[in-house]
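Undergrad: Supplied structure: model-v2.cif, mmCIF, C-alpha atoms and all ligand atoms.
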```cif
data_structure
#
loop_
_atom_site.label_atom_id
_atom_site.label_comp_id
_atom_site.auth_asym_id
_atom_site.auth_seq_id
_atom_site.Cartn_x
_atom_site.Cartn_y
_atom_site.Cartn_z
CA MET A 83 -34.69 18.39 6.18
CA SER A 84 -31.18 17.05 6.14
CA GLU A 85 -29.27 19.14 3.72
CA GLN A 86 -25.88 18.21 2.33
CA ARG A 87 -23.08 20.71 2.76
CA PRO A 88 -19.35 20.56 2.09
CA ASP A 89 -17.04 19.27 4.81
CA PHE A 90 -14.52 21.64 6.34
CA LEU A 91 -10.85 20.75 6.21
CA LEU A 92 -8.66 22.88 8.47
CA VAL A 93 -5.04 23.13 7.44
CA CYS A 94 -1.95 24.73 8.94
CA ASP A 95 1.11 26.40 7.48
CA HIS A 96 2.82 26.17 10.89
CA GLY A 97 3.59 29.87 10.73
CA ILE A 98 5.99 29.33 7.84
CA ARG A 99 5.60 31.88 5.09
CA ASP A 100 4.66 30.13 1.83
CA GLY A 101 4.91 26.89 3.78
CA ASP A 102 3.10 23.72 2.91
CA LEU A 103 -0.45 23.44 4.17
CA ASP A 104 -0.77 20.26 6.20
CA PRO A 105 -4.12 18.92 7.39
CA ALA A 106 -4.95 19.93 10.96
CA ALA A 107 -8.49 18.63 11.30
CA LEU A 108 -11.45 17.47 9.28
CA LEU A 109 -14.85 18.71 10.37
CA PRO A 110 -17.35 16.67 8.39
CA TRP A 111 -20.89 17.85 7.83
CA PHE A 112 -23.32 15.70 9.80
CA PRO A 113 -26.76 16.11 8.18
CA ASP A 114 -28.55 14.46 11.08
CA ARG A 115 -27.31 16.73 13.90
CA PRO A 116 -27.01 18.99 11.70
CA GLY A 117 -23.69 20.80 11.70
CA TRP A 118 -19.95 20.41 11.42
CA TRP A 119 -18.48 18.32 14.19
CA ALA A 120 -15.17 16.73 14.88
CA ALA A 121 -14.70 13.27 13.41
CA GLU A 122 -13.17 11.91 16.57
CA ASP A 123 -12.07 8.66 14.99
CA ILE A 124 -9.97 10.60 12.47
CA ASP A 125 -8.76 13.52 14.51
CA ALA A 126 -7.95 12.18 17.94
CA HIS A 127 -6.13 15.41 18.83
CA VAL A 128 -9.29 17.49 18.37
CA ARG A 129 -10.85 17.77 21.81
CA THR A 130 -14.50 18.29 22.49
CA TRP A 131 -16.05 18.51 25.89
CA LEU A 132 -19.23 19.66 27.51
CA MET A 133 -19.24 23.10 29.03
CA GLU A 134 -20.30 23.49 32.60
CA GLY A 135 -23.35 25.57 31.93
CA ASN A 136 -25.34 27.36 29.35
CA ARG A 137 -25.39 30.64 31.17
CA ARG A 138 -24.19 33.91 29.80
CA GLY A 139 -20.62 34.59 30.69
CA TRP A 140 -19.58 30.98 30.95
CA ARG A 141 -16.36 30.41 29.16
CA PRO A 142 -15.39 27.28 27.21
CA TRP A 143 -12.40 26.70 29.47
CA ARG A 144 -14.64 26.08 32.45
CA LEU A 145 -14.82 22.39 32.04
CA VAL A 146 -16.62 19.48 33.47
CA ASP A 147 -16.23 15.84 32.81
CA ARG A 148 -18.15 14.71 29.77
CA THR A 149 -20.07 12.20 31.86
CA ALA A 150 -21.40 14.77 34.30
CA VAL A 151 -24.52 15.51 32.31
CA ASP A 152 -27.69 16.70 33.94
CA ASP A 153 -30.86 18.02 32.38
CA ASP A 154 -29.45 21.44 31.52
CA PRO A 155 -29.07 22.15 27.85
CA ARG A 156 -25.38 21.53 27.49
CA ARG A 157 -22.99 23.34 25.28
CA GLU A 158 -20.03 21.66 23.74
CA ALA A 159 -16.62 23.21 23.47
CA ILE A 160 -14.07 22.28 20.85
CA GLU A 161 -10.33 22.77 20.67
CA ILE A 162 -8.55 22.29 17.37
CA PRO A 163 -4.76 22.37 17.62
CA CYS A 164 -2.32 21.73 14.83
CA PRO A 165 -1.09 18.15 15.32
CA THR A 166 2.41 18.93 14.03
CA PRO A 167 4.99 18.95 16.85
CA ARG A 168 6.54 22.32 17.69
CA CYS A 169 3.98 24.23 15.58
CA HIS A 170 3.30 27.58 17.21
CA ARG A 171 -0.01 28.34 15.54
CA ARG A 172 -2.69 28.98 18.13
CA ALA A 173 -5.19 26.21 18.63
CA TYR A 174 -8.72 27.24 17.73
CA ARG A 175 -10.88 27.05 20.81
CA SER A 176 -14.57 27.74 20.68
CA ASP A 177 -18.05 26.92 21.71
CA ALA A 178 -19.00 24.29 19.10
CA VAL A 179 -22.26 26.06 18.26
CA ARG A 180 -20.45 29.33 17.68
CA LEU A 181 -17.91 27.56 15.52
CA ASN A 182 -20.85 26.25 13.51
CA THR A 183 -22.21 29.79 13.17
CA LEU A 184 -18.84 30.88 11.79
CA LEU A 185 -18.53 27.89 9.44
CA THR A 186 -22.07 28.52 8.20
CA ALA A 187 -21.09 32.09 7.36
CA ILE A 188 -18.02 30.88 5.48
CA ALA A 189 -20.02 28.22 3.64
CA ALA A 190 -22.94 30.50 2.77
CA ASP A 191 -21.27 33.82 2.02
CA GLU A 192 -19.23 33.78 -1.14
CA ALA A 193 -17.35 36.99 -0.33
CA PHE A 194 -16.50 35.79 3.15
CA ARG A 195 -15.39 32.45 1.78
CA ALA A 196 -13.22 34.07 -0.91
CA VAL A 197 -11.29 35.92 1.80
CA PHE A 198 -10.78 33.12 4.28
CA ALA A 199 -10.86 29.83 2.40
CA VAL A 200 -7.84 28.42 0.63
CA HIS A 201 -10.06 26.27 -1.55
CA ALA A 202 -13.77 25.60 -1.84
CA ASP A 203 -15.88 23.27 -3.93
CA ASP A 204 -19.08 21.26 -3.49
CA THR A 205 -17.49 18.65 -1.25
CA VAL A 206 -14.88 20.47 0.83
CA ILE A 207 -13.98 23.94 2.05
CA VAL A 208 -10.35 24.30 3.09
CA VAL A 209 -9.50 26.94 5.68
CA ALA A 210 -6.14 27.56 7.33
CA LEU A 211 -6.13 27.58 11.11
CA ASP A 212 -4.89 31.16 11.33
CA ALA A 213 -7.47 32.27 8.76
CA LEU A 214 -10.17 30.79 10.98
CA HIS A 215 -9.00 33.05 13.82
CA LEU A 216 -9.13 36.03 11.44
CA ALA A 217 -12.57 35.01 10.19
CA ARG A 218 -13.85 34.91 13.76
CA ALA A 219 -12.40 38.34 14.54
CA THR A 220 -13.91 39.77 11.35
CA ALA A 221 -17.30 38.19 11.94
CA LYS A 222 -17.38 39.65 15.45
CA ARG A 223 -16.06 43.07 14.64
CA ARG A 224 -17.59 43.78 11.28
CA PHE A 225 -20.83 41.82 11.45
CA GLY A 226 -21.45 41.69 15.18
CA MET A 227 -21.87 37.92 15.02
CA ARG A 228 -21.71 35.82 18.18
CA VAL A 229 -18.97 33.48 17.08
ZN ZN A 301 0.89 23.81 12.37
#
```
Show this structure as structure tokens.

TA:
Amino acid sequence: MSEQRPDFLLVCDHGIRDGDLDPAALLPWFPDRPGWWAAEDIDAHVRTWLMEGNRRGWRPWRLVDRTAVDDDPRREAIEIPCPTPRCHRRAYRSDAVRLNTLLTAIAADEAFRAVFAVHADDTVIVVALDALHLARATAKRRFGMRV
């Protein structure tokens, strides 16, 4: 049941009011995994790594080397910074599964998408990096989502 969904393109205004929106990262939809994951060949600055454990309370910044895999179900963390030098926008750092929960909400909920997406059509949903932070805060606070 591999379903096609739009890709996510994250953009950044670099904190400049009415500034140009430059691409920060492309998160293509991978129907086979399924989910939105970093296209590492395109966005070399987007970092993903395996989290040290799957236990409650573990934070994404507790890192282990990607090769140190055992039989625990591993969680992947992702960090999406703006690649533009001297940009002060906060990088988006998250558990990759939680990021997928948030992106699913944006993709599926038209009202949510209207608030946080710059543009949306059948092939791509464009979200600014700072709007993604706001979307996460809203999803947590208003909808109690684990994102
Ligand atoms: Zn930027």

Undergrad: Could the residues of chain A that have an atom at most 9 Å from ligand ZN 301 (chain A) be listed as a Markdown table, each with its closest atom pair and the distance in Å to one decimal, counting all atoms listed in the file and ordered by chain and ascending residue number?

TA:
```
| residue | atom | partner | partner_atom | distance |
| --- | --- | --- | --- | --- |
| A:Val93 | CA | A:ZN301 | ZN | 7.7 |
| A:Cys94 | CA | A:ZN301 | ZN | 4.5 |
| A:Asp95 | CA | A:ZN301 | ZN | 5.5 |
| A:His96 | CA | A:ZN301 | ZN | 3.4 |
| A:Gly97 | CA | A:ZN301 | ZN | 6.8 |
| A:Ile98 | CA | A:ZN301 | ZN | 8.8 |
| A:Leu103 | CA | A:ZN301 | ZN | 8.3 |
| A:Asp104 | CA | A:ZN301 | ZN | 7.3 |
| A:Pro105 | CA | A:ZN301 | ZN | 8.6 |
| A:Ala106 | CA | A:ZN301 | ZN | 7.2 |
| A:Pro163 | CA | A:ZN301 | ZN | 7.8 |
| A:Cys164 | CA | A:ZN301 | ZN | 4.5 |
| A:Pro165 | CA | A:ZN301 | ZN | 6.7 |
| A:Thr166 | CA | A:ZN301 | ZN | 5.4 |
| A:Pro167 | CA | A:ZN301 | ZN | 7.8 |
| A:Arg168 | CA | A:ZN301 | ZN | 7.9 |
| A:Cys169 | CA | A:ZN301 | ZN | 4.5 |
| A:His170 | CA | A:ZN301 | ZN | 6.6 |
| A:Arg171 | CA | A:ZN301 | ZN | 5.6 |
| A:Arg172 | CA | A:ZN301 | ZN | 8.5 |
| A:Leu211 | CA | A:ZN301 | ZN | 8.1 |
```

Undergrad: Could you tell me how far CA of Trp111 in chain A sits from CA of Asp204 in chain A, in Å to one decimal place?

TA: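 So the answer is 12.0 Å.
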
Undergrad: Between A:Ala120, A:Leu184, A:His127, A:Pro113, which is the closest to Lys222 in chain A once you count all atoms listed in the file?

TA: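 Among the listed residues, the smallest separation from Lys222 in chain A belongs to A:Leu184.
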
Undergrad: Residues near Leu216 in chain A, anyone? I mean within 10 Å using only C-alpha atoms, not counting same-chain ones fewer than 6 positions away, as JSON, numbers by chain.

TA: {"A": [197, 198, 210, 222]}

Undergrad: Enter the distance from CA of Phe112 in chain A to CA of Ala219 in chain A, in Å, rounded to one decimal.

TA: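 Computing it gives 25.6 Å between the two atoms.
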
Undergrad: Which one is closest to Thr130 in chain A: A:Thr220, A:Thr186, A:Ser176, A:Thr205? Count only C-alpha atoms.

TA: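 Of A:Thr220, A:Thr186, A:Ser176, A:Thr205, the one nearest Thr130 in chain A is A:Ser176, counting only C-alpha atoms.
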
Undergrad: What's the separation between CA of His215 in chain A and CA of Pro110 in chain A, in Å to one decimal place?

TA: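 That distance, rounded to one decimal, is 19.2 Å.
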
Undergrad: Can you pull out every residue within 9 Å of range 224-229 of chain A, counting all atoms listed in the file, but drop anything in the same chain fewer than 6 positions away, and send it as number ranges by chain?

TA: A: 176-177, 179-184, 218

Undergrad: Of the residues A:Ala187, A:Arg129, A:Ile162, A:Gln86, which is the one nearest to Ala199 in chain A, using all atoms listed in the file?

TA: A:Ala187

Undergrad: Out of A:Val206, A:Asp212, A:Phe194, A:Leu109, which residue has the shortest atom-to-atom distance to Ala178 in chain A when counting all atoms listed in the file?

TA: A:Leu109

Undergrad: Residues within 7 Å of Leu91 in chain A, please, as a list in words. Count all atoms listed in the file; anything in the same chain fewer than 4 positions from it doesn't count.

TA: Ala107, Leu108, Leu109, Val206, Ile207, Val208 and Val209 of chain A
